[in-house]
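See below for the structure under consideration.
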Protein chains: 2
Amino acid sequence: MATTSIKEVARHAGVSIGTVSNVLNRPDTVAPGTRQRVLDAISTLGYVRNDPARQLRAGRSRTIAVVVLDVANPFFTDVVQGAEAVAESRGAVVVVCNSGEDPSRERRHLDLLEEQRVQGVLITPVDDGRESRLEQFIRRGTPVVLVDRGTGRQNRCSVAVDDVLGGRLAGAHLAAMGHRRVAFVGGPLTIPQVADRCAGFRQALAAAPATPEPVLLGTRGLTVAGGRGAGEELAAMPPGQRPTAVFCANDLLALGVLQVMTLRGVRVPTDIAIIGYDDIEFAAAAAVPVSSVRQPREQLGRTAAQLLLEEIHEGDRHEHRHVMFKPELVVRQSSAQPRG
Amino acid sequence: MATTSIKEVARHAGVSIGTVSNVLNRPDTVAPGTRQRVLDAISTLGYVRNDPARQLRAGRSRTIAVVVLDVANPFFTDVVQGAEAVAESRGAVVVVCNSGEDPSRERRHLDLLEEQRVQGVLITPVDDGRESRLEQFIRRGTPVVLVDRGTGRQNRCSVAVDDVLGGRLAGAHLAAMGHRRVAFVGGPLTIPQVADRCAGFRQALAAAPATPEPVLLGTRGLTVAGGRGAGEELAAMPPGQRPTAVFCANDLLALGVLQVMTLRGVRVPTDIAIIGYDDIEFAAAAAVPVSSVRQPREQLGRTAAQLLLEEIHEGDRHEHRHVMFKPELVVRQSSAQPRG
DNA sequence: CTCCGTTCGTGAAACGTTTCACAATGGGTT
DNA sequence: AACCCATTGTGAAACGTTTCACGAACGGAG
């Protein structure tokens with residue numbers, strides 16, 4: 001189908017193209033009769049605006065991009081939904097790009113986004129080095145908000161959740177329930193989130209009376225399989241030495257641990273209590289509903305989008321801000337029983 | 001940053017803009033010396049192509065869109081990843097839009113996509129009526145491939161998975177394991193996928209000797225909560241009358257049923273066997289790993305993208321095709337034990 | 001020395017909008 | 001009747017590319 005342009009609409013309605021454009025963008029400046037004639041022409045011709053042309057003229061697009069580490073991760077899908085809600089309410093369009101934790105894919109996406117003249121970007125970067133593509137991107141003037149990563153730099157806004165506090169919540173809860181032998185499951189500690197959660201956990205235990213250092217059970221990744229591995233270690237311990245509670249760096253690990261406990265006849269929470277992190281849907285739906293530290297994921301996305309839109313609006317006179325959210329402990333059956 | 005255009009690059013390199021364009025698009029037609037001078041200018045100026053301008057000239061964009069019912073659903077994230085793999089290998093860009101099962105959001109997305117002059121669309125439509133926005137979209141000439149929905153119409157390609165066959169696989173397996181009292185959990189039956197799975201299940205049972213009609217346990221939606229409801233019904237039955245096996249319309253339902261069984265002391269698979277559908281990650285990770293009917297999700301996305309790219313390429317002379325994939329039964333512990 | 005064919009590079013047109021200075025029309029006020 | 005203002009519509013310029021017909025320079029064949 002030959003794309004119909006504003007020009008044909010103008011001819012069909014017997015007006016100039018300027019008038020058609022006015023009908024489209026400032027309807028009140030054109031007389032009702034004319035306006036109607038133009039609208040009729042538009043609908044009979046099936047005219048559709050040409051966005052690339054508008055953007056060329058305008059110098060920028062109406063879209064903002066979200067670049068995530070993993071589209072399949074519920075954490076990010078929720079962040080995206082929050083961002084979308086805000087963006088759409090302000091007439092912006094959101095596109096989602098998946099870096100898959102691959103630096104080169106991230107670079108390609110940033111290349112493309114810059115060519116597309118996006119208004120701004122929400123990103124959880126995989127490469128945030130001093131000479132990264134992202135740095136260059138920011139220097140060239142596209143507004144960027146960091147999501148859940150590296151609040152270090154000053155040339156951008158960021159939003160994150162306080163992982164140290166999350167760890168503290170878990171630790172304090174277990175100590176209060178009377179647990180004395182506890183373990184932390186997670187790794188590698190090079191992931192900032194894991195390290196922070198562990199640190200907070202240890203802080204809380206150190207603050208509680210009569211609770212020794214937690215045992216550290218390292219895992220290779222934050223997956224169900226990793227949790228199963230740690231679970232086997234736990235199951236193999238003699239009951240008298242086995243921790244009576246474990247805190248897992250995320251829910252997938254917790255589910256893995258839980259699965260092995262069930263299999264090996266270790267009762268949850270009677271013999272061992274479990275706390276996860278993230279509060280994904282399946283934490284509540286597990287065989288024994290799992291206690292978990294919940295992050296305000298949608299809120300994270302909403303706030304990130306708001307900061308971005310602010311920066312886009314304010315331009316030069318923008319002050320970068322760093323917003324930190326507080327996580328919240330959701331106690332379920334897996335850690336509900338007080339100890340001795 | 002004042003956006004630098006091809007014009008400034010030309011001035012800086014002492015050539016005409018036509019030459020710069022040639023360096024960018026047909027590097028071999030320009031002498032090595034000149035080419036290098038232009039490339040240098042590009043890098044020192046930090047020039048970035050203006051995509052909207054290219055598109056305006058070209059008349060169409062390089063992007064294809066995927067419109068899904070729910071970004072958070074693992075089924076769709078896998079489909080998207082498959083589509084992305086194919087599209088990217090052919091130099092196309094993929095954008096993901098989320099209709100959230102809301103017809104008006106779907107319409108808005110289609111409006112936008114048409115304005116953006118996307119090359120084509122992969123969609124699982126929520127509104128596929130005879131006068132829907134989608135119909136209009138197709139009539140106006142944008143190639144569209146339907147994903148996992150309505151193979152009825154002839155004016156488009158489609159890809160889907162054979163749900164009747166999936167149901168048959170589950171039924172045949174349970175019958176072969178010696179189950180005589182069985183149930184189907186799922187609903188509402190107005191969802192074509194649910195109805196098809198149920199129909200296939202019944203076919204297989206009818207074909208097996210001495211197996212009566214399955215009991216139908218309806219649910220309001222395909223969620224974990226729905227599964228819990230059905231699970232309570234099952235647990236309440238006296239063991240002598242309770243089905244010895246259930247087939248659930250998806251894995252979330254199966255997980256809900258499993259959870260209640262564990263809670264109520266009904267052993268899986270000894271007292272009752274369970275089969276789910278979709279083979280999501282958590283099916284294998286459940287307390288008792290759940291047997292499930294696996295759909296080739298990524299493959300679905302890849303094929304859909306291939307069909308779309310074909311149609312985009314072939315233009316008028318394109319023959320619409322309907323591809324149907326076969327699902328596959330993955331037997332795990334929840335249904336592994338033969339009966340009697 | 002002329003002519004021709006290559007090889008390189010040029011300049012202008014075109015893509016479909018938006019915007020803006022300005023022209024036309026038509027009442028009201030003096 | 002002259003003037004002014006408000007209202008409505010016009011036409012052309014500009015956005016940054018790509019493309020294409022054409023010119024300049026050059027080297028070799030006759």
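Identifiers in the structure tokens: chain A, B, ... in order shown; residue index from 1 per chain; ligand index from 1 in order shown.
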
Taking the chain letters and numbering used in this document, name the residues of segment 1-158 of chain B that DSSP puts in strand (DSSP E or B), as a PyMOL selection string. chain B and resi 63-68+93-98+120-123+144-147+157-158

Residues of chain B within 8 Å of chain A, using only C-alpha atoms, as number ranges by chain? B: 1, 48-53, 55-56, 71-72, 74, 77-78, 95-97, 114-117, 140-141, 224, 255-256, 258-260, 262-263, 282, 285-288

For chain B fitted to chain A over all Cα atoms in order, what RMSD does a least-squares superposition give?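 Overlaying the two chains on their C-alpha atoms yields 0.1 Å.
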
Name the residues in contact with DG26 of chain C at a cut-off of 10 Å, using only C-alpha atoms (C1' of nucleotides), excluding same-chain residues fewer than 2 positions from it; report them as a PyMOL selection string. (chain C and resi 24+28) or (chain D and resi 6-7)

Segment 148-232 of chain A: residues DSSP assigns to helix (DSSP H, G or I), reported as a count of residues only: 39

Residue hits in chain B, query chain C, radius 8 Å, only C-alpha atoms (C1' of nucleotides), as a VMD selection string: chain B and resid 16 18 to 19 29 to 31 56 to 59

For His322 of chain A, please output as a PyMOL selection string all residues within 9 Å (counting only C-alpha atoms (C1' of nucleotides); exclusion window: fewer than 3 positions along the same chain). chain A and resi 151+156-160

All residues 7 Å or closer to Gly301 of chain A, only C-alpha atoms (C1' of nucleotides), same chain fewer than 3 positions away omitted, as a compact mmCIF listing (two decimals) with N, CA and C atoms, in the first residue's frame:
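Saved result, out_5.txt, follows:
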```txt
# COMPACT_ATOMS: atom_id res chain seq x y z
N VAL A 79 10.53 -4.29 37.40
CA VAL A 79 11.10 -2.96 37.26
C VAL A 79 10.59 -2.32 35.96
N VAL A 80 10.60 -3.11 34.90
CA VAL A 80 10.15 -2.59 33.61
C VAL A 80 8.69 -2.15 33.69
N GLY A 82 7.03 -1.10 36.21
CA GLY A 82 6.95 0.17 36.94
C GLY A 82 7.35 1.34 36.07
N ALA A 83 8.45 1.18 35.35
CA ALA A 83 8.93 2.25 34.49
C ALA A 83 7.92 2.55 33.39
N ARG A 297 10.18 -3.63 43.78
CA ARG A 297 10.70 -3.67 42.42
C ARG A 297 10.01 -2.69 41.48
N GLU A 298 8.67 -2.71 41.52
CA GLU A 298 7.97 -1.78 40.64
C GLU A 298 8.27 -0.35 41.00
N ALA A 304 12.86 5.37 39.02
CA ALA A 304 13.90 5.53 38.01
C ALA A 304 13.36 6.33 36.82
N ALA A 305 12.16 5.96 36.38
CA ALA A 305 11.56 6.64 35.24
C ALA A 305 11.29 8.11 35.58
```

Work out how far atom CA of Val118 of chain A is from atom CA of Ser21 of chain B, in Å to one decimal.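 Computed distance, atom CA of Ser21 of chain B to atom CA of Val118 of chain A, equals 22.5 Å.
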
Quick one: which residues from chain D are at most 9 Å off chain B, using only C-alpha atoms (C1' of nucleotides), as a short mmCIF file (atom, residue, chain, number, x, y, z; two decimals) with N, CA and C atoms (P, O5', C5', C4', C3', O3' and C1' of nucleotides), in the first residue's frame?
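The resulting file, selection20.cif, is reproduced below:
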```cif
data_model
loop_
_atom_site.label_atom_id
_atom_site.label_comp_id
_atom_site.auth_asym_id
_atom_site.auth_seq_id
_atom_site.Cartn_x
_atom_site.Cartn_y
_atom_site.Cartn_z
P DC D 15 18.61 23.05 9.52
"O5'" DC D 15 18.33 21.70 10.29
"C5'" DC D 15 17.35 21.56 11.29
"C4'" DC D 15 16.84 20.15 11.31
"C3'" DC D 15 17.87 19.14 10.78
"O3'" DC D 15 18.61 18.62 11.87
"C1'" DC D 15 15.64 18.72 9.94
P DG D 16 20.22 18.51 11.72
"O5'" DG D 16 20.41 17.14 10.94
"C5'" DG D 16 19.95 15.95 11.55
"C4'" DG D 16 20.09 14.82 10.57
"C3'" DG D 16 21.49 14.67 9.97
"O3'" DG D 16 21.83 13.30 10.01
"C1'" DG D 16 19.89 14.81 8.26
P DT D 17 23.27 12.78 9.63
"O5'" DT D 17 22.90 11.48 8.83
"C5'" DT D 17 22.81 11.52 7.44
"C4'" DT D 17 21.64 10.71 7.00
"C3'" DT D 17 21.94 9.90 5.76
"O3'" DT D 17 22.01 8.53 6.09
"C1'" DT D 17 20.06 11.37 5.41
P DT D 18 22.82 7.58 5.12
"O5'" DT D 18 21.97 7.59 3.77
"C5'" DT D 18 20.73 6.92 3.74
"C4'" DT D 18 20.14 7.05 2.36
"C3'" DT D 18 20.97 6.37 1.26
"O3'" DT D 18 20.06 5.66 0.45
"C1'" DT D 18 20.58 8.65 0.71
P DT D 19 20.61 4.58 -0.59
"O5'" DT D 19 20.37 5.29 -1.99
"C5'" DT D 19 19.14 5.97 -2.19
"C4'" DT D 19 19.22 6.83 -3.43
"C3'" DT D 19 20.08 6.24 -4.56
"O3'" DT D 19 19.37 6.42 -5.76
"C1'" DT D 19 20.76 8.43 -4.10
#
```
